[in-house]
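**Student:** Below is a structure I'd like to ask you about.
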Amino acid sequence: MQKNILLLTCLLWLNLCHAQRTVHDLLPEHSFTEGIEGPATDCKGNIYAVNYQRQGTICKITPTGEHSVYAILPGTSVGNGIRFGKKGEMYVADYVNHNIFKITRNGKKVKLFAHEPAMNQPNDLAISPTNGYLYASDPDWKAGTGKLWLIKPNGEVILLAENLGTTNGIEVSPDGKHLYVGESAQLKLWKYDILEDGTLTNKQLFHSFEGYGMDGMRCDINGNLYLARYGKGTVVILSPDGHLLEEIRLKGNKPSNLTFGGKDRKTCYITMADRGCLEYFDADFPGRE
């Protein structure tokens with residue numbers, strides 16, 4: 001009983017302390033299309049997000065605020081989720097043509113890394129900190145269903161699960177042992193155990209929401225999960241055991257995804273679909289990226 005009372009007191013204290021987090025803008029409104037997504041941060045603190053000025057582009061934002069086109073995807077391809085590998089390579093999900101692209105550090109070479117015609121539309125990406133395995137969510141918005149995919153470092157694509165809800169945001173825990181997947185239409189967040197070969201087991205309901213959507217997510221180094229509530233205009237922070245620690249009100253209403261950056265990786269940057277820019281606030285702990 002005393003332990004439960006102490007936990008509730010701590011949670012209340014945290015909420016009171018952070019009820020007035022200050023949210024700032026990064027770049028002017030409508031610098032991006034409504035398809036602004038990604039985002040990801042490299043080892044030098046540069047932030048990347050897709051669909052800058054027009055669809056099919058990737059933007060690079062330096063720590064000093066300079067922004068420009070970093071890469072252009074080929075043909076009709078349009079990017080969504082972005083993740084970085086340990087060697088600095090960028091992986092981008094192309095939801096139009098069922099591709100995962102791999103881009104070199106300077107953005108000059110955009111190579112096809114994986115292609116799978118059976119995908120609905122590879123959406124958000126997560127990467128394991130232990131072996132570099134990629135995980136892709138794959139929603140079918142019209143049917144209200146989704147799949148999960150594993151992409152190995154050699155480009156091999158493996159179907160992990162199908163007939164799910166609208167799989168969207170996705171993340172791997174800092175220790176590489178768990179995969180989190182959000183079903184946006186169903187408002188449910190699931191947790192899987194990751195086996196040594198990268199496949200999944202022991203599906204558990206991690207958290208349920210009411211109203212509004214769910215989109216991209218990231219963990220901090222302590223395993224707290226930051227999740228964008230699309231339509232509600234907030235970012236929620238969940239503890240490693242699924243308790244709601246905090247909900248932060250943003251300026252816009254349609255946060256699509258987020259990343260950690262800044263000098264100490266303690267700045268949370270959020271892509272805003274309705275405003276075409278990024279917003280940010282100071283987090284308590286660094287992101288795991």
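Letters A, B, ... mark the chains of the structure tokens in the order given; residue numbers begin at 1 per chain; ligand numbers begin at 1, in order shown.
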Considering only C-alpha atoms, give me a table of residues in region 70-106 of chain A that are at most 12 Å from region 144-162 of chain A, with the closest atom pair and distance in Å for each, as a Markdown table.
**Tutor:**
| residue | atom | partner | partner_atom | distance |
| --- | --- | --- | --- | --- |
| A:Gly85 | CA | A:Pro153 | CA | 9.7 |
| A:Lys86 | CA | A:Pro153 | CA | 11.4 |
| A:Glu89 | CA | A:Pro153 | CA | 11.5 |
| A:Tyr91 | CA | A:Ile151 | CA | 10.8 |
| A:Ala93 | CA | A:Ile151 | CA | 11.3 |
| A:His98 | CA | A:Val157 | CA | 11.4 |
| A:Asn99 | CA | A:Val157 | CA | 10.6 |
| A:Ile100 | CA | A:Gly155 | CA | 8.9 |
| A:Phe101 | CA | A:Gly155 | CA | 10.1 |
| A:Lys102 | CA | A:Gly155 | CA | 10.1 |
**Student:** Would you kindly return, as a list in words, each protein, DNA or RNA residue with an atom no farther than 7 Å from any atom of region 187-194 of chain A, considering only C-alpha atoms and excluding same-chain residues fewer than 3 positions away?
**Tutor:** Lys177, His178, Leu179, Tyr180, Val181, Gly182, Glu183, Ser184, Gly198, Thr199, Leu200, Thr201, Asn202, Lys203, Gln204, Leu205, Phe206, His207, Ser208, Phe209, Glu210, Gly213 and Met214 of chain A
**Student:** What does the file look like for those residues with N, CA and C atoms, as a short mmCIF file (atom, residue, chain, number, x, y, z; two decimals), in the first residue's frame?
**Tutor:**
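The result, written out as selection.cif:
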data_model
loop_
_atom_site.label_atom_id
_atom_site.label_comp_id
_atom_site.auth_asym_id
_atom_site.auth_seq_id
_atom_site.Cartn_x
_atom_site.Cartn_y
_atom_site.Cartn_z
N LYS A 177 15.19 -5.50 -26.40
CA LYS A 177 14.43 -6.70 -26.05
C LYS A 177 12.94 -6.63 -26.37
N HIS A 178 12.45 -5.41 -26.63
CA HIS A 178 11.00 -5.26 -26.83
C HIS A 178 10.71 -4.37 -28.03
N LEU A 179 9.59 -4.67 -28.70
CA LEU A 179 9.10 -3.85 -29.80
C LEU A 179 7.74 -3.30 -29.41
N TYR A 180 7.57 -1.97 -29.59
CA TYR A 180 6.29 -1.33 -29.34
C TYR A 180 5.65 -0.98 -30.69
N VAL A 181 4.37 -1.26 -30.82
CA VAL A 181 3.65 -0.98 -32.07
C VAL A 181 2.29 -0.39 -31.72
N GLY A 182 1.96 0.74 -32.35
CA GLY A 182 0.67 1.36 -32.14
C GLY A 182 -0.30 1.05 -33.27
N GLU A 183 -1.55 0.77 -32.91
CA GLU A 183 -2.62 0.61 -33.89
C GLU A 183 -3.49 1.87 -33.82
N SER A 184 -3.33 2.74 -34.81
CA SER A 184 -3.91 4.08 -34.72
C SER A 184 -5.43 4.08 -34.64
N GLY A 198 15.30 -11.93 -34.27
CA GLY A 198 14.56 -10.74 -34.66
C GLY A 198 13.07 -10.91 -34.74
N THR A 199 12.57 -12.14 -34.68
CA THR A 199 11.13 -12.36 -34.72
C THR A 199 10.51 -12.03 -33.36
N LEU A 200 9.18 -12.06 -33.32
CA LEU A 200 8.45 -11.55 -32.16
C LEU A 200 7.67 -12.65 -31.45
N THR A 201 7.46 -12.46 -30.15
CA THR A 201 6.65 -13.37 -29.36
C THR A 201 6.02 -12.59 -28.21
N ASN A 202 5.08 -13.24 -27.52
CA ASN A 202 4.51 -12.70 -26.28
C ASN A 202 3.91 -11.31 -26.47
N LYS A 203 2.93 -11.21 -27.37
CA LYS A 203 2.23 -9.95 -27.59
C LYS A 203 1.41 -9.57 -26.37
N GLN A 204 1.60 -8.33 -25.89
CA GLN A 204 0.89 -7.86 -24.70
C GLN A 204 0.31 -6.47 -24.95
N LEU A 205 -0.87 -6.20 -24.44
CA LEU A 205 -1.43 -4.86 -24.52
C LEU A 205 -0.67 -3.96 -23.54
N PHE A 206 -0.03 -2.92 -24.06
CA PHE A 206 0.81 -2.04 -23.24
C PHE A 206 0.03 -0.84 -22.71
N HIS A 207 -0.83 -0.27 -23.58
CA HIS A 207 -1.63 0.89 -23.14
C HIS A 207 -2.77 1.08 -24.13
N SER A 208 -3.92 1.51 -23.63
CA SER A 208 -5.08 1.85 -24.47
C SER A 208 -5.39 3.33 -24.31
N PHE A 209 -5.83 3.96 -25.41
CA PHE A 209 -6.19 5.37 -25.39
C PHE A 209 -7.67 5.52 -25.72
N GLU A 210 -8.18 6.72 -25.51
CA GLU A 210 -9.55 7.05 -25.88
C GLU A 210 -9.54 8.29 -26.75
N GLY A 213 -6.04 10.13 -32.49
CA GLY A 213 -5.19 9.11 -33.08
C GLY A 213 -3.88 8.92 -32.36
N MET A 214 -3.10 7.98 -32.87
CA MET A 214 -1.75 7.71 -32.37
C MET A 214 -0.83 7.64 -33.58
#
**Student:** One decimal, Å: what's the distance from CA of Leu244 (chain A) over to CA of Gly216 (chain A), could you say?
**Tutor:**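 A separation of 16.5 Å between them.
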**Student:** Which residue out of A:Gln53, A:Gln186, A:Ser128, A:Thr76 has the minimum interatomic distance to Ile170 (chain A) when only C-alpha atoms are used?
**Tutor:**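 Of A:Gln53, A:Gln186, A:Ser128, A:Thr76, the one nearest Ile170 (chain A) is A:Ser128, counting only C-alpha atoms.
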**Student:** Got a sec: who's within 9 Å of Ile36 (chain A), counting only C-alpha atoms, leaving out chain neighbours fewer than 4 positions off, as a ChimeraX atom specification?
**Tutor:** /A:32,49-52,55,80,256-257,271-273,276-278
**Student:** Just asking: which residues within region 16-108 of chain A are strand (DSSP E) according to DSSP, as number ranges by chain?
**Tutor:** A: 24-26, 32-41, 47-52, 57-61, 67-72, 79-84, 90-94, 99-103
**Student:** Near Thr41 (chain A), counting only C-alpha atoms, which residues have an atom at most 8 Å away, once you skip same-chain residues fewer than 3 positions from it, shown as an NGL selection string?
**Tutor:** :A and (44-48 or 84 or 259-261 or 289)
**Student:** If I take CA of Thr167 (chain A) and CA of Ser137 (chain A), how far is one from the other in Å, to one decimal?
**Tutor:**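 Going from CA of Thr167 (chain A) over to CA of Ser137 (chain A), I get 5.4 Å.
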**Student:** Would you mind listing what lies within 7 Å of Gly233 (chain A) as a PDB file with N, CA and C atoms, in the first residue's frame, with only C-alpha atoms counted and same-chain residues fewer than 2 positions away left out?
**Tutor:**
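Generated output (selection.pdb):
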ATOM      1  N   ARG A 229       0.139  12.087 -30.231  1.00  0.00           N
ATOM      2  CA  ARG A 229      -1.316  11.905 -30.318  1.00  0.00           C
ATOM      3  C   ARG A 229      -1.850  12.781 -31.448  1.00  0.00           C
ATOM      4  N   TYR A 230      -1.930  12.176 -32.616  1.00  0.00           N
ATOM      5  CA  TYR A 230      -2.374  12.875 -33.827  1.00  0.00           C
ATOM      6  C   TYR A 230      -3.838  13.280 -33.683  1.00  0.00           C
ATOM      7  N   GLY A 231      -4.119  14.554 -33.922  1.00  0.00           N
ATOM      8  CA  GLY A 231      -5.473  15.074 -33.786  1.00  0.00           C
ATOM      9  C   GLY A 231      -5.737  15.700 -32.438  1.00  0.00           C
ATOM     10  N   ARG A 249       1.005  19.499 -24.086  1.00  0.00           N
ATOM     11  CA  ARG A 249       0.221  20.184 -25.107  1.00  0.00           C
ATOM     12  C   ARG A 249       1.148  20.902 -26.078  1.00  0.00           C
ATOM     13  N   LEU A 250       0.927  20.675 -27.377  1.00  0.00           N
ATOM     14  CA  LEU A 250       1.704  21.318 -28.427  1.00  0.00           C
ATOM     15  C   LEU A 250       0.932  22.510 -28.997  1.00  0.00           C
ATOM     16  N   GLY A 252       0.292  22.931 -32.450  1.00  0.00           N
ATOM     17  CA  GLY A 252      -0.579  22.391 -33.473  1.00  0.00           C
ATOM     18  C   GLY A 252      -1.364  21.203 -32.968  1.00  0.00           C
ATOM     19  N   ASN A 253      -2.196  20.644 -33.858  1.00  0.00           N
ATOM     20  CA  ASN A 253      -3.075  19.542 -33.461  1.00  0.00           C
ATOM     21  C   ASN A 253      -2.705  18.198 -34.072  1.00  0.00           C
ATOM     22  N   LYS A 254      -1.780  18.180 -35.031  1.00  0.00           N
ATOM     23  CA  LYS A 254      -1.509  16.935 -35.740  1.00  0.00           C
ATOM     24  C   LYS A 254      -0.025  16.551 -35.701  1.00  0.00           C
ATOM     25  N   PRO A 255       0.495  16.189 -34.529  1.00  0.00           N
ATOM     26  CA  PRO A 255       1.875  15.700 -34.459  1.00  0.00           C
ATOM     27  C   PRO A 255       1.957  14.328 -35.123  1.00  0.00           C
TER      28      PRO A 255
END
